[in-house]
Each structure stands twice: as structure tokens, then as C-alpha cells.
>>> print(open('start-v4.pdb').read())   # PDB, C-alpha atoms
ATOM      1  CA  MET Q 254     116.147 106.685  85.945
ATOM      2  CA  LYS Q 255     112.486 106.711  85.053
ATOM      3  CA  LYS Q 256     111.067 109.945  83.651
ATOM      4  CA  PHE Q 257     108.160 111.559  85.423
ATOM      5  CA  ARG Q 258     106.255 114.815  85.218
ATOM      6  CA  MET Q 259     105.761 116.442  88.603
ATOM      7  CA  ILE Q 260     102.900 118.878  89.201
ATOM      8  CA  THR Q 261     103.326 120.946  92.326
ATOM      9  CA  PHE Q 262     100.615 121.557  94.912
ATOM     10  CA  GLN Q 263      97.336 123.073  93.749
ATOM     11  CA  TYR Q 264      93.873 123.164  95.252
ATOM     12  CA  PHE Q 265      90.852 121.658  93.497
ATOM     13  CA  ASN Q 266      87.459 120.473  94.641
ATOM     14  CA  ALA Q 267      87.037 116.774  95.421
ATOM     15  CA  PHE Q 268      85.390 115.864  92.123
ATOM     16  CA  THR Q 269      88.067 117.544  90.002
ATOM     17  CA  ASN Q 270      90.825 115.958  92.082
ATOM     18  CA  MET Q 271      89.523 112.455  91.447
ATOM     19  CA  ALA Q 272      88.679 113.236  87.819
ATOM     20  CA  LEU Q 273      92.206 114.527  87.166
ATOM     21  CA  ASP Q 274      93.604 111.231  88.455
ATOM     22  CA  GLU Q 275      91.448 109.242  86.047
ATOM     23  CA  ALA Q 276      92.068 111.626  83.135
ATOM     24  CA  ILE Q 277      95.836 111.366  83.619
ATOM     25  CA  MET Q 278      95.546 107.567  83.808
ATOM     26  CA  GLU Q 279      93.844 107.589  80.407
ATOM     27  CA  PHE Q 280      96.454 109.844  78.813
ATOM     28  CA  VAL Q 281      99.393 107.944  80.307
ATOM     29  CA  ARG Q 282      97.898 104.740  78.925
ATOM     30  CA  LYS Q 283      97.654 106.312  75.467
ATOM     31  CA  GLY Q 284     101.261 107.472  75.703
ATOM     32  CA  ILE Q 285     100.170 111.127  75.451
ATOM     33  CA  SER Q 286     101.049 112.103  79.025
ATOM     34  CA  GLN Q 287     104.203 111.247  80.927
ATOM     35  CA  PRO Q 288     104.006 109.201  84.109
ATOM     36  CA  THR Q 289     102.947 111.783  86.654
ATOM     37  CA  ILE Q 290     103.277 112.693  90.298
ATOM     38  CA  ARG Q 291     100.886 115.400  91.435
ATOM     39  CA  PHE Q 292     100.364 117.118  94.763
ATOM     40  CA  TYR Q 293      97.067 118.706  95.697
ATOM     41  CA  GLY Q 294      94.687 119.925  98.357
ATOM     42  CA  TRP Q 295      90.923 119.841  98.728
ATOM     43  CA  ASP Q 296      88.924 123.062  98.468
ATOM     44  CA  PRO Q 297      86.395 122.889  99.978
ATOM     45  CA  SER Q 298      87.271 120.245 102.547
ATOM     46  CA  ALA Q 299      85.872 116.877 101.527
ATOM     47  CA  VAL Q 300      85.189 113.311 102.502
ATOM     48  CA  SER Q 301      86.332 110.630 100.091
ATOM     49  CA  ILE Q 302      85.073 107.089 100.393
ATOM     50  CA  GLY Q 303      86.553 103.876  99.066
ATOM     51  CA  VAL Q 304      85.197 102.393  95.844
ATOM     52  CA  PHE Q 305      83.528  99.531  97.756
ATOM     53  CA  GLN Q 306      82.092 101.525 100.635
ATOM     54  CA  GLY Q 307      78.442 102.342 101.178
ATOM     55  CA  VAL Q 308      78.169 106.125 101.259
ATOM     56  CA  ARG Q 309      75.258 106.161 103.717
ATOM     57  CA  ASN Q 310      77.071 103.702 105.971
ATOM     58  CA  GLU Q 311      80.224 105.788 106.126
ATOM     59  CA  VAL Q 312      79.224 109.428 105.835
ATOM     60  CA  ASN Q 313      76.927 111.643 107.886
ATOM     61  CA  LEU Q 314      75.405 113.246 104.811
ATOM     62  CA  ASP Q 315      73.375 115.810 106.773
ATOM     63  CA  ALA Q 316      76.538 116.956 108.536
ATOM     64  CA  THR Q 317      78.642 117.181 105.356
ATOM     65  CA  LYS Q 318      75.895 119.146 103.620
ATOM     66  CA  LYS Q 319      75.573 121.533 106.553
ATOM     67  CA  ALA Q 320      79.354 121.992 106.737
ATOM     68  CA  GLY Q 321      79.759 122.521 102.980
ATOM     69  CA  VAL Q 322      81.987 119.462 102.765
ATOM     70  CA  ASP Q 323      81.961 117.599  99.435
ATOM     71  CA  VAL Q 324      81.572 113.823  99.314
ATOM     72  CA  VAL Q 325      83.240 111.853  96.543
ATOM     73  CA  ARG Q 326      83.653 108.149  95.797
ATOM     74  CA  ARG Q 327      87.238 107.308  94.829
ATOM     75  CA  LEU Q 328      88.381 104.875  92.132
ATOM     76  CA  THR Q 329      90.440 103.124  94.803
ATOM     77  CA  GLY Q 330      89.572 100.870  97.699
ATOM     78  CA  GLY Q 331      90.270 101.624 101.320
ATOM     79  CA  GLY Q 332      88.330 103.596 103.874
ATOM     80  CA  ALA Q 333      86.562 106.912 104.250
ATOM     81  CA  VAL Q 334      88.894 109.873 104.681
ATOM     82  CA  TYR Q 335      88.190 113.412 105.827
ATOM     83  CA  HIS Q 336      90.361 115.766 103.758
ATOM     84  CA  ASP Q 337      90.661 119.012 105.691
ATOM     85  CA  ARG Q 338      91.495 121.965 103.428
ATOM     86  CA  LEU Q 339      94.387 123.024 105.620
ATOM     87  CA  GLY Q 340      95.176 119.698 107.238
ATOM     88  CA  GLU Q 341      96.929 117.589 104.624
ATOM     89  CA  VAL Q 342      98.876 117.223 101.434
ATOM     90  CA  THR Q 343      97.579 114.620  99.010
ATOM     91  CA  TYR Q 344      99.633 113.062  96.243
ATOM     92  CA  SER Q 345      98.856 110.863  93.268
ATOM     93  CA  LEU Q 346     101.354 108.790  91.360
ATOM     94  CA  ILE Q 347     100.205 107.547  87.957
ATOM     95  CA  ALA Q 348     102.465 105.379  85.831
ATOM     96  CA  PRO Q 349     102.589 102.197  83.764
ATOM     97  CA  LEU Q 350     102.238  99.085  85.912
ATOM     98  CA  ASP Q 351     105.434  97.582  84.568
ATOM     99  CA  MET Q 352     107.437 100.226  86.462
ATOM    100  CA  PHE Q 353     106.375  98.591  89.738
ATOM    101  CA  PRO Q 354     106.566  95.231  91.468
ATOM    102  CA  THR Q 355     103.748  92.862  90.529
ATOM    103  CA  ASN Q 356     103.173  92.221  94.206
ATOM    104  CA  ILE Q 357     100.717  94.857  95.347
ATOM    105  CA  ILE Q 358     102.073  95.249  98.880
ATOM    106  CA  GLU Q 359     105.609  95.631  97.509
ATOM    107  CA  SER Q 360     104.431  98.346  95.139
ATOM    108  CA  TYR Q 361     102.806 100.172  98.072
ATOM    109  CA  ARG Q 362     106.078  99.821  99.958
ATOM    110  CA  LEU Q 363     108.149 101.195  97.070
ATOM    111  CA  ILE Q 364     106.041 104.345  96.739
ATOM    112  CA  CYS Q 365     105.563 104.800 100.482
ATOM    113  CA  ASP Q 366     109.363 104.723 100.867
ATOM    114  CA  ASP Q 367     109.441 108.095  99.078
ATOM    115  CA  ILE Q 368     107.075 109.529 101.676
ATOM    116  CA  ILE Q 369     109.088 107.991 104.495
ATOM    117  CA  PHE Q 370     112.209 109.623 103.010
ATOM    118  CA  ALA Q 371     110.376 112.974 102.910
ATOM    119  CA  LEU Q 372     109.296 112.643 106.529
ATOM    120  CA  LYS Q 373     112.882 111.833 107.463
ATOM    121  CA  GLN Q 374     113.919 115.202 105.988
ATOM    122  CA  LEU Q 375     111.592 116.778 108.553
ATOM    123  CA  GLY Q 376     113.138 114.757 111.360
ATOM    124  CA  ILE Q 377     110.312 112.227 111.566
ATOM    125  CA  ASP Q 378     111.091 108.504 111.694
ATOM    126  CA  ALA Q 379     108.250 106.713 109.950
ATOM    127  CA  VAL Q 380     107.736 103.130 108.799
ATOM    128  CA  PHE Q 381     105.593 101.413 106.198
ATOM    129  CA  SER Q 382     102.833  99.323 107.750
ATOM    130  CA  PRO Q 383     101.184  96.921 105.308
ATOM    131  CA  ILE Q 384      98.685  97.026 103.761
ATOM    132  CA  ASN Q 385      98.657 100.724 103.028
ATOM    133  CA  ASP Q 386      99.673 102.907 105.961
ATOM    134  CA  ILE Q 387     102.708 104.849 107.150
ATOM    135  CA  LEU Q 388     103.131 105.026 110.908
ATOM    136  CA  VAL Q 389     105.154 107.068 113.373
ATOM    137  CA  ASN Q 390     105.483 105.320 116.722
ATOM    138  CA  GLU Q 391     102.494 103.096 115.839
ATOM    139  CA  GLN Q 392     100.415 106.173 114.950
ATOM    140  CA  LYS Q 393      99.120 106.682 111.410
ATOM    141  CA  ILE Q 394     100.459 109.733 109.577
ATOM    142  CA  SER Q 395      99.691 108.661 106.002
ATOM    143  CA  GLY Q 396      97.059 106.482 104.349
ATOM    144  CA  ASN Q 397      97.395 105.298 100.770
ATOM    145  CA  ALA Q 398      95.246 103.522  98.203
ATOM    146  CA  GLN Q 399      95.898 101.964  94.841
ATOM    147  CA  THR Q 400      94.100 100.851  91.733
ATOM    148  CA  ARG Q 401      95.429  99.123  88.676
ATOM    149  CA  ARG Q 402      93.524  99.323  85.430
ATOM    150  CA  ASN Q 403      94.398  98.871  81.769
ATOM    151  CA  GLY Q 404      98.088  98.565  82.542
ATOM    152  CA  ILE Q 405      98.268 101.749  84.600
ATOM    153  CA  LEU Q 406      98.857 102.056  88.335
ATOM    154  CA  LEU Q 407      97.331 104.874  90.349
ATOM    155  CA  GLN Q 408      98.374 105.287  93.942
ATOM    156  CA  HIS Q 409      97.148 108.250  95.895
ATOM    157  CA  GLY Q 410      97.467 109.058  99.541
ATOM    158  CA  THR Q 411      97.379 111.700 102.202
ATOM    159  CA  ILE Q 412     100.066 113.002 104.504
ATOM    160  CA  LEU Q 413      98.469 114.503 107.585
ATOM    161  CA  TYR Q 414      99.700 117.994 108.424
ATOM    162  CA  SER Q 415      97.269 118.515 111.284
ATOM    163  CA  VAL Q 416      94.344 116.473 112.561
ATOM    164  CA  ASP Q 417      90.910 117.720 113.576
ATOM    165  CA  VAL Q 418      89.443 114.572 115.091
ATOM    166  CA  GLU Q 419      86.270 116.257 116.339
ATOM    167  CA  THR Q 420      85.338 117.526 112.865
ATOM    168  CA  MET Q 421      86.264 114.191 111.341
ATOM    169  CA  PHE Q 422      83.929 112.374 113.723
ATOM    170  CA  SER Q 423      81.112 114.801 113.062
ATOM    171  CA  LEU Q 424      81.273 113.965 109.343
ATOM    172  CA  LEU Q 425      81.983 110.239 109.350
ATOM    173  CA  ASN Q 426      79.724 107.532 110.722
ATOM    174  CA  VAL Q 427      81.564 105.374 113.193
ATOM    175  CA  SER Q 428      80.009 101.933 113.004
ATOM    176  CA  ASP Q 429      77.337 101.662 115.665
ATOM    177  CA  GLN Q 430      79.426 103.432 118.237
ATOM    178  CA  LYS Q 431      78.664 106.716 119.884
ATOM    179  CA  ILE Q 432      81.228 109.448 119.458
ATOM    180  CA  SER Q 433      82.314 109.587 123.037
ATOM    181  CA  ASP Q 434      85.268 111.557 124.389
ATOM    182  CA  LYS Q 435      86.840 108.213 125.130
ATOM    183  CA  LEU Q 436      86.594 107.127 121.500
ATOM    184  CA  ILE Q 437      87.963 110.436 120.205
ATOM    185  CA  LYS Q 438      90.887 110.164 122.603
ATOM    186  CA  SER Q 439      91.489 106.637 121.379
ATOM    187  CA  VAL Q 440      91.579 107.809 117.734
ATOM    188  CA  LYS Q 441      93.882 110.679 118.705
ATOM    189  CA  LYS Q 442      96.272 108.087 120.047
ATOM    190  CA  ARG Q 443      96.170 106.151 116.770
ATOM    191  CA  VAL Q 444      96.634 109.150 114.459
ATOM    192  CA  THR Q 445      99.417 111.693 114.312
ATOM    193  CA  SER Q 446     100.424 114.575 112.062
ATOM    194  CA  ILE Q 447     103.350 116.775 111.067
ATOM    195  CA  VAL Q 448     102.191 119.381 113.586
ATOM    196  CA  ASP Q 449     102.138 116.773 116.347
ATOM    197  CA  GLN Q 450     105.621 115.552 115.444
ATOM    198  CA  THR Q 451     107.596 118.621 114.467
ATOM    199  CA  GLY Q 452     107.471 122.368 113.997
ATOM    200  CA  ALA Q 453     107.677 122.041 110.210
ATOM    201  CA  SER Q 454     105.459 124.292 108.132
ATOM    202  CA  MET Q 455     103.122 123.140 105.376
ATOM    203  CA  GLU Q 456     105.562 124.584 102.825
ATOM    204  CA  GLU Q 457     108.402 122.548 104.337
ATOM    205  CA  LEU Q 458     106.253 119.426 104.090
ATOM    206  CA  LYS Q 459     105.519 120.121 100.428
ATOM    207  CA  LYS Q 460     109.220 120.665  99.680
ATOM    208  CA  ALA Q 461     110.188 117.485 101.511
ATOM    209  CA  LEU Q 462     107.630 115.491  99.528
ATOM    210  CA  VAL Q 463     108.981 116.863  96.265
ATOM    211  CA  MET Q 464     112.459 115.750  97.382
ATOM    212  CA  GLY Q 465     111.167 112.334  98.391
ATOM    213  CA  PHE Q 466     109.461 111.631  95.094
ATOM    214  CA  LYS Q 467     112.346 113.134  93.040
ATOM    215  CA  ARG Q 468     115.156 111.093  94.501
ATOM    216  CA  ASN Q 469     114.878 107.990  92.279
ATOM    217  CA  ARG Q 470     113.273 109.566  89.229
ATOM    218  CA  GLU Q 471     114.149 111.966  86.434
ATOM    219  CA  ILE Q 472     111.657 114.736  87.083
ATOM    220  CA  SER Q 473     110.420 117.510  84.835
ATOM    221  CA  PHE Q 474     108.069 119.982  86.446
ATOM    222  CA  GLY Q 475     104.893 120.615  84.500
ATOM    223  CA  ASP Q 476     101.211 121.351  84.672
ATOM    224  CA  TYR Q 477      97.979 119.697  83.593
ATOM    225  CA  SER Q 478      97.520 119.710  79.822
ATOM    226  CA  ASP Q 479      94.430 121.263  78.262
ATOM    227  CA  GLN Q 480      93.395 117.760  77.169
ATOM    228  CA  GLU Q 481      93.665 116.442  80.722
ATOM    229  CA  LYS Q 482      91.700 119.364  82.138
ATOM    230  CA  SER Q 483      89.003 118.979  79.504
ATOM    231  CA  ARG Q 484      88.704 115.227  80.086
ATOM    232  CA  ALA Q 485      88.635 115.817  83.843
ATOM    233  CA  GLN Q 486      85.671 118.153  83.363
ATOM    234  CA  GLU Q 487      83.843 115.380  81.493
ATOM    235  CA  LEU Q 488      84.684 112.786  84.142
ATOM    236  CA  THR Q 489      83.552 115.150  86.889
ATOM    237  CA  LYS Q 490      80.138 115.372  85.260
ATOM    238  CA  GLU Q 491      79.876 111.739  84.167
ATOM    239  CA  ARG Q 492      81.209 110.127  87.296
ATOM    240  CA  PHE Q 493      82.650 111.893  90.301
ATOM    241  CA  ASN Q 494      80.014 114.609  90.791
ATOM    242  CA  ASN Q 495      77.241 112.270  89.714
ATOM    243  CA  GLU Q 496      74.915 110.698  92.274
ATOM    244  CA  ILE Q 497      74.761 107.445  90.292
ATOM    245  CA  TRP Q 498      78.463 106.933  91.059
ATOM    246  CA  THR Q 499      78.460 108.388  94.564
ATOM    247  CA  PHE Q 500      75.409 106.428  95.718
ATOM    248  CA  ARG Q 501      76.072 103.209  93.794
ATOM    249  CA  LEU Q 502      76.655 101.402  97.094
TER     250      LEU Q 502
ATOM    251  CA  MET J 237      61.615  87.382 103.332
ATOM    252  CA  LYS J 238      64.367  88.246 105.793
ATOM    253  CA  THR J 239      66.967  90.955 105.699
ATOM    254  CA  ASN J 240      70.210  91.124 107.602
ATOM    255  CA  SER J 241      73.200  93.438 107.742
ATOM    256  CA  ILE J 242      76.393  92.156 109.239
ATOM    257  CA  THR J 243      79.774  93.849 109.641
ATOM    258  CA  ARG J 244      82.952  91.962 110.420
ATOM    259  CA  LYS J 245      86.533  93.151 110.828
ATOM    260  CA  PHE J 246      89.144  91.001 109.139
ATOM    261  CA  GLY J 247      92.345  92.621 107.821
ATOM    262  CA  LYS J 248      89.853  95.216 106.524
ATOM    263  CA  MET J 249      86.154  95.768 107.177
ATOM    264  CA  LEU J 250      83.505  93.712 105.384
ATOM    265  CA  ARG J 251      79.779  94.463 105.475
ATOM    266  CA  LEU J 252      77.095  92.318 103.888
ATOM    267  CA  ASP J 253      73.505  93.491 103.399
ATOM    268  CA  VAL J 254      71.448  90.486 102.387
ATOM    269  CA  THR J 255      67.793  89.822 101.659
ATOM    270  CA  TYR J 256      66.831  86.165 101.442
ATOM    271  CA  THR J 257      64.004  83.603 101.463
ATOM    272  CA  ASP J 258      64.957  80.068 100.483
ATOM    273  CA  HIS J 259      67.502  81.743  98.251
ATOM    274  CA  ILE J 260      69.503  84.987  98.197
ATOM    275  CA  GLU J 261      67.214  87.680  96.797
ATOM    276  CA  SER J 262      69.719  90.513  96.944
ATOM    277  CA  LEU J 263      73.221  91.050  98.253
ATOM    278  CA  LYS J 264      75.419  94.077  98.770
ATOM    279  CA  ILE J 265      79.109  93.625  99.637
ATOM    280  CA  THR J 266      80.788  96.746 100.977
ATOM    281  CA  GLY J 267      83.874  97.587 102.995
ATOM    282  CA  ASP J 268      87.307  99.175 102.974
ATOM    283  CA  PHE J 269      89.069  96.205 101.390
ATOM    284  CA  PHE J 270      90.942  96.242  98.079
ATOM    285  CA  LEU J 271      90.157  94.180  95.003
ATOM    286  CA  HIS J 272      91.959  94.515  91.675
ATOM    287  CA  PRO J 273      90.354  94.698  89.183
ATOM    288  CA  GLU J 274      87.509  96.327  91.095
ATOM    289  CA  GLU J 275      84.823  95.205  88.622
ATOM    290  CA  THR J 276      85.335  91.637  89.822
ATOM    291  CA  LEU J 277      83.130  92.407  92.822
ATOM    292  CA  ASP J 278      80.079  92.793  90.566
ATOM    293  CA  GLN J 279      80.676  89.273  89.226
ATOM    294  CA  ILE J 280      80.993  87.882  92.743
ATOM    295  CA  VAL J 281      77.721  89.531  93.799
ATOM    296  CA  SER J 282      76.042  88.234  90.664
ATOM    297  CA  GLU J 283      77.304  84.688  91.354
ATOM    298  CA  LEU J 284      76.062  84.726  94.937
ATOM    299  CA  THR J 285      72.664  86.273  94.212
ATOM    300  CA  GLY J 286      70.062  83.569  93.708
ATOM    301  CA  VAL J 287      71.892  80.731  95.455
ATOM    302  CA  THR J 288      69.857  78.554  97.776
ATOM    303  CA  VAL J 289      69.733  79.085 101.530
ATOM    304  CA  PRO J 290      71.194  77.503 103.616
ATOM    305  CA  ILE J 291      74.212  78.181 101.454
ATOM    306  CA  GLN J 292      76.715  75.511 100.445
ATOM    307  CA  GLU J 293      79.887  77.152 101.727
ATOM    308  CA  ASP J 294      82.466  74.904 100.076
ATOM    309  CA  LEU J 295      80.804  75.176  96.682
ATOM    310  CA  LEU J 296      80.508  78.961  96.905
ATOM    311  CA  ILE J 297      84.111  79.344  98.024
ATOM    312  CA  ARG J 298      85.200  77.322  94.979
ATOM    313  CA  LYS J 299      82.978  79.321  92.613
ATOM    314  CA  THR J 300      84.107  82.659  94.016
ATOM    315  CA  LYS J 301      87.763  81.669  93.834
ATOM    316  CA  TYR J 302      87.192  80.672  90.221
ATOM    317  CA  ILE J 303      85.877  84.175  89.498
ATOM    318  CA  LEU J 304      89.005  85.694  91.054
ATOM    319  CA  ASP J 305      91.281  83.340  89.140
ATOM    320  CA  SER J 306      89.568  83.898  85.807
ATOM    321  CA  ASN J 307      89.871  87.675  86.248
ATOM    322  CA  GLU J 308      93.448  87.376  87.541
ATOM    323  CA  ALA J 309      92.035  89.303  90.476
ATOM    324  CA  GLU J 310      93.659  89.924  93.805
ATOM    325  CA  MET J 311      91.728  90.676  96.970
ATOM    326  CA  ILE J 312      93.515  92.353  99.862
ATOM    327  CA  GLY J 313      92.270  92.774 103.408
ATOM    328  CA  ILE J 314      89.570  90.104 103.216
ATOM    329  CA  SER J 315      89.449  86.611 101.719
ATOM    330  CA  VAL J 316      86.901  84.618  99.766
ATOM    331  CA  GLU J 317      86.391  82.506 102.893
ATOM    332  CA  ASP J 318      85.637  85.673 104.878
ATOM    333  CA  ILE J 319      82.894  86.650 102.414
ATOM    334  CA  ILE J 320      81.283  83.230 102.283
ATOM    335  CA  ASN J 321      81.520  82.551 106.016
ATOM    336  CA  THR J 322      79.976  85.959 106.727
ATOM    337  CA  LEU J 323      77.230  85.232 104.203
ATOM    338  CA  GLU J 324      76.549  81.951 105.961
ATOM    339  CA  GLU J 325      76.341  83.798 109.271
ATOM    340  CA  ALA J 326      74.044  86.443 107.792
ATOM    341  CA  THR J 327      71.601  83.866 106.432
ATOM    342  CA  GLN J 328      71.335  81.627 109.479
TER     343      GLN J 328
END
>>> encode(input="start-v4.pdb", output="C-alpha cells")
Amino acid sequence: MKKFRMITFQYFNAFTNMALDEAIMEFVRKGISQPTIRFYGWDPSAVSIGVFQGVRNEVNLDATKKAGVDVVRRLTGGGAVYHDRLGEVTYSLIAPLDMFPTNIIESYRLICDDIIFALKQLGIDAVFSPINDILVNEQKISGNAQTRRNGILLQHGTILYSVDVETMFSLLNVSDQKISDKLIKSVKKRVTSIVDQTGASMEELKKALVMGFKRNREISFGDYSDQEKSRAQELTKERFNNEIWTFRL
Amino acid sequence: MKTNSITRKFGKMLRLDVTYTDHIESLKITGDFFLHPEETLDQIVSELTGVTVPIQEDLLIRKTKYILDSNEAEMIGISVEDIINTLEEATQ
């Protein structure tokens, strides 16, 4: 079985969360850190955008500023996501590429299977939906995104605990469409959450995810190293909390 | 000088913001697609900036595919044809 470090759920701000991912990628590449699975939340709530998205196209920057919601550009592709402080668990898996199928969709599937297993523990039947989603009865409960650089794979994703569609729509720009009740209802039909599906608590979700990601790996529980935290501070300043990066597109 | 912004939904969203005269003056390619390695997009934008308008679609598809191949890049959610066909539409 492959050896991984697992870091249990902690809250960080958006910039530190993304910087920790990149810092761990660097230290895994150097052989200093073990392949890692981390769970985390966003404090304060935040919007993350995909690496190729235009921030002004996707985010209502006046609304995020007014609401005290951070905006961060990810290293990964995919769409804009509202990360509610109390509404989700986010994970990152960082490991050498050669541990995964070369085919990108198959590598998504392999990792998403761990989340599907976790949801099953909560009584939820979910399926992987290529490219990067997990669905319950055609409704999205988890979105995932991946990057591969310098021989290291990073996949991170969210598992929705509860969904606040109205807040989400107030913070994200929906392309040239007015935020009508009809549209919100339509999104509600396409998105679901743990709360919608089951009476499980957030703690039960976290435990189930630990079980899901442990089942095919040799896990040692750990924490961020001082080196990783220090490098993450640098990357926060240089990149993730830097307007040159955020507003590059 | 003309400017145009065009958004199209393929497997993923693609948006082009283009400024052009008899050639492409500037181009921004954005969207929620995936491209590994991500830096390949800068090369694609660089290749397409400066080309003559009306664009030669077949030639640009070949050149863009060459960039992907030479970077061993993989694009997911949109295709090279999607980019070039949308560029053609945006510069009509």
C-alpha cells in the first residue's frame, strides 16, 4: 500500500489554503514531504476561481468585498466556486504522478472513488461524472480539479455539506443572465449537499472522508511542517494574495 | 480597430476577448477548461496574436496542435478546433 501523510481538518484563509497546496507539492517533489492528503475549510468564506478564468468575468468583486469574502485564483483549472465557511469540506491530495493513471479522467475517477466510498458510509449513493464531478441523482455534490506539474499531481475538491445558493449567486457573476428566482431554483435542482441527502453531521462527514481516503493507503496522521508553513507564507505573499496573480486574466 | 468578446459552451466554457484590425492585436482566452501543463496557454495566445484576419483556420489548428504536442499538453473540456472556430467567429 502506498504511504501517505493525512492532515485532519483545519481552517485557513483562502490564500494560505492554496499556498499550502503548492508548498506541499514542492516538498513532495524534493522528497522532503510524504505524499499528503489534507482536509480544510475556508475562514473567512471565499471564492476561488480557476487558473484560466477572468476574475472580473466570474466574480462580483463589490459584493465579495462588502461581504468580507476572499477571492483567490487557484493553480487548477475548472470553474469559480463559493466556499462557505460552514458549508463544505475541502480536500487536497498531493502525490507523485507515477502513483496515478496517466489518463487524466481515470486519475480523477480513482481519487473520486474515495469520496464516493465516504458518501456511501453516510448512506448516500453517488457516482463519478466525468470530467470532474460527483453526482447524487444527477445533482452535483462534489467538484474536483487537478494540476500536474514537475512530476507531482495535485487534486483538490469540495464536498458540499450545505448549499446557500442565494449567497453564491450574490458573489458570482452568472454570464449575462439575471439572477431570477427561476434560475436559482434551477441551480438548486442541479446541486445537492449532505444536509439535503442525510441527517449526517459535519463531523460525520469528516470521519467518513478520512475512512474513504484511508482505505487503499497506508496512512500516518501528521501536521504541516515548519518548512511547509514558512514556504506557504512566502507563496501567499508572492502569488495567492497578490493582485498580479489574482487579476492576471 | 474592433473588439469582440464571445463566450461558448463546449464540454467546458470558453471565452475569447479579441481586439483586431487586419490582424489580431490582442487576445485573451479564458474559461473553466483544463490544460496541463497550464503554461501552454500562454504559448497558444502568443501564437495566435498577430495573425492576419480573416484567420486561416486550418493553418491555425495545425499550429496550435503542434504547440500542444510539443509540450505534451492535454486540453480537457474544449478542443483546439473550438478555440480556432470561436476565434474565427469573433473576428468575422
>>> interface_residues(input="start-v4.pdb", of="chain Q", to="chain J", cutoff="8 Å", atoms="only C-alpha atoms", output="list in words")
Gly303, Phe305, Gln306, Gly307, Thr329, Gly330, Gly331, Gly332, Ala333, Ile384, Thr400, Arg401, Arg402 and Leu502 of chain Q
>>> resolve_selection(input="start-v4.pdb", expression="the PyMOL selection byres ((chain J and resi 288) around 10)", output="list of chain:residue names")
J:Tyr256, J:Thr257, J:Asp258, J:His259, J:Ile260, J:Glu261, J:Leu284, J:Thr285, J:Gly286, J:Val287, J:Val289, J:Pro290, J:Ile291, J:Gln292
>>> atom_distance(input="start-v4.pdb", atom1="CA of Ser382 in chain Q", atom2="CA of Arg468 in chain Q")
21.6 Å
>>> atom_distance(input="start-v4.pdb", atom1="CA of Leu296 in chain J", atom2="CA of Ile320 in chain J")
6.9 Å
>>> resolve_selection(input="start-v4.pdb", expression="the PyMOL selection byres ((chain J and resi 238) around 9)", output="number ranges by chain")
J: 237, 239-240, 254-257, 327
>>> resolve_selection(input="start-v4.pdb", expression="the PyMOL selection byres ((chain Q and resi 387) around 12)", output="compact mmCIF listing (two decimals) with C-alpha atoms, in the coordinates of the input")
# COMPACT_ATOMS: atom_id res chain seq x y z
CA TYR Q 361 102.81 100.17 98.07
CA ARG Q 362 106.08 99.82 99.96
CA ILE Q 364 106.04 104.34 96.74
CA CYS Q 365 105.56 104.80 100.48
CA ASP Q 366 109.36 104.72 100.87
CA ASP Q 367 109.44 108.10 99.08
CA ILE Q 368 107.08 109.53 101.68
CA ILE Q 369 109.09 107.99 104.50
CA PHE Q 370 112.21 109.62 103.01
CA ALA Q 371 110.38 112.97 102.91
CA LEU Q 372 109.30 112.64 106.53
CA ILE Q 377 110.31 112.23 111.57
CA ASP Q 378 111.09 108.50 111.69
CA ALA Q 379 108.25 106.71 109.95
CA VAL Q 380 107.74 103.13 108.80
CA PHE Q 381 105.59 101.41 106.20
CA SER Q 382 102.83 99.32 107.75
CA PRO Q 383 101.18 96.92 105.31
CA ILE Q 384 98.68 97.03 103.76
CA ASN Q 385 98.66 100.72 103.03
CA ASP Q 386 99.67 102.91 105.96
CA LEU Q 388 103.13 105.03 110.91
CA VAL Q 389 105.15 107.07 113.37
CA ASN Q 390 105.48 105.32 116.72
CA GLU Q 391 102.49 103.10 115.84
CA GLN Q 392 100.42 106.17 114.95
CA LYS Q 393 99.12 106.68 111.41
CA ILE Q 394 100.46 109.73 109.58
CA SER Q 395 99.69 108.66 106.00
CA GLY Q 396 97.06 106.48 104.35
CA ASN Q 397 97.40 105.30 100.77
CA ALA Q 398 95.25 103.52 98.20
CA GLY Q 410 97.47 109.06 99.54
CA THR Q 411 97.38 111.70 102.20
CA ILE Q 412 100.07 113.00 104.50
CA LEU Q 413 98.47 114.50 107.58
CA ARG Q 443 96.17 106.15 116.77
CA VAL Q 444 96.63 109.15 114.46
CA THR Q 445 99.42 111.69 114.31
CA SER Q 446 100.42 114.58 112.06
>>> atom_distance(input="start-v4.pdb", atom1="CA of Val322 in chain Q", atom2="CA of Ser298 in chain Q")
5.3 Å
>>> axis_aligned_box(input="start-v4.pdb", around="range 324-327 of chain J", padding_each_side="6 Å", output="AutoDock Vina command-line options")
--center_x 74.1 --center_y 84.2 --center_z 107.6 --size_x 16.9 --size_y 16.5 --size_z 15.3
>>> residues_near_point(input="start-v4.pdb", point="(95.2, 103.4, 86.0)", cutoff="8 Å", atoms="only C-alpha atoms", output="list of chain:residue names")
Q:Glu275, Q:Met278, Q:Glu279, Q:Arg282, Q:Ile347, Q:Ala348, Q:Pro349, Q:Thr400, Q:Arg401, Q:Arg402, Q:Asn403, Q:Gly404, Q:Ile405, Q:Leu406, Q:Leu407
>>> closest_residue(input="start-v4.pdb", among="Q:His336, Q:Arg291, Q:Lys467, Q:Arg492", to="Thr420 in chain Q", atoms="all atoms listed in the file")
Q:His336
>>> residues_near_point(input="start-v4.pdb", point="(96.9, 125.0, 107.9)", cutoff="8 Å", atoms="all atoms listed in the file", output="short mmCIF file (atom, residue, chain, number, x, y, z; two decimals) with C-alpha atoms, in the frame of the given file")
data_model
loop_
_atom_site.label_atom_id
_atom_site.label_comp_id
_atom_site.auth_asym_id
_atom_site.auth_seq_id
_atom_site.Cartn_x
_atom_site.Cartn_y
_atom_site.Cartn_z
CA ARG Q 338 91.50 121.96 103.43
CA LEU Q 339 94.39 123.02 105.62
CA GLY Q 340 95.18 119.70 107.24
CA TYR Q 414 99.70 117.99 108.42
CA SER Q 415 97.27 118.52 111.28
CA MET Q 455 103.12 123.14 105.38
#
>>> residues_around(input="start-v4.pdb", residues="Ile472 in chain Q", least_positions_apart="2", cutoff="9 Å", atoms="all atoms listed in the file", output="list of chain:residue names")
Q:Lys255, Q:Lys256, Q:Phe257, Q:Arg258, Q:Met259, Q:Phe466, Q:Lys467, Q:Arg468, Q:Arg470, Q:Phe474
>>> build_atoms(input="start-v4.pdb", residues="range 360-365 of chain Q", atoms="N, CA and C atoms", output="short mmCIF file (atom, residue, chain, number, x, y, z; two decimals), keeping the file's coordinate frame")
data_model
loop_
_atom_site.label_atom_id
_atom_site.label_comp_id
_atom_site.auth_asym_id
_atom_site.auth_seq_id
_atom_site.Cartn_x
_atom_site.Cartn_y
_atom_site.Cartn_z
N SER Q 360 104.55 97.08 95.87
CA SER Q 360 104.43 98.35 95.14
C SER Q 360 104.00 99.47 96.07
N TYR Q 361 103.12 99.17 97.03
CA TYR Q 361 102.81 100.17 98.07
C TYR Q 361 104.09 100.58 98.80
N ARG Q 362 104.87 99.56 99.17
CA ARG Q 362 106.08 99.82 99.96
C ARG Q 362 107.04 100.74 99.19
N LEU Q 363 107.21 100.43 97.89
CA LEU Q 363 108.15 101.20 97.07
C LEU Q 363 107.76 102.68 97.04
N ILE Q 364 106.49 102.95 96.84
CA ILE Q 364 106.04 104.34 96.74
C ILE Q 364 106.03 104.99 98.13
N CYS Q 365 105.59 104.24 99.12
CA CYS Q 365 105.56 104.80 100.48
C CYS Q 365 106.97 105.12 100.98
#
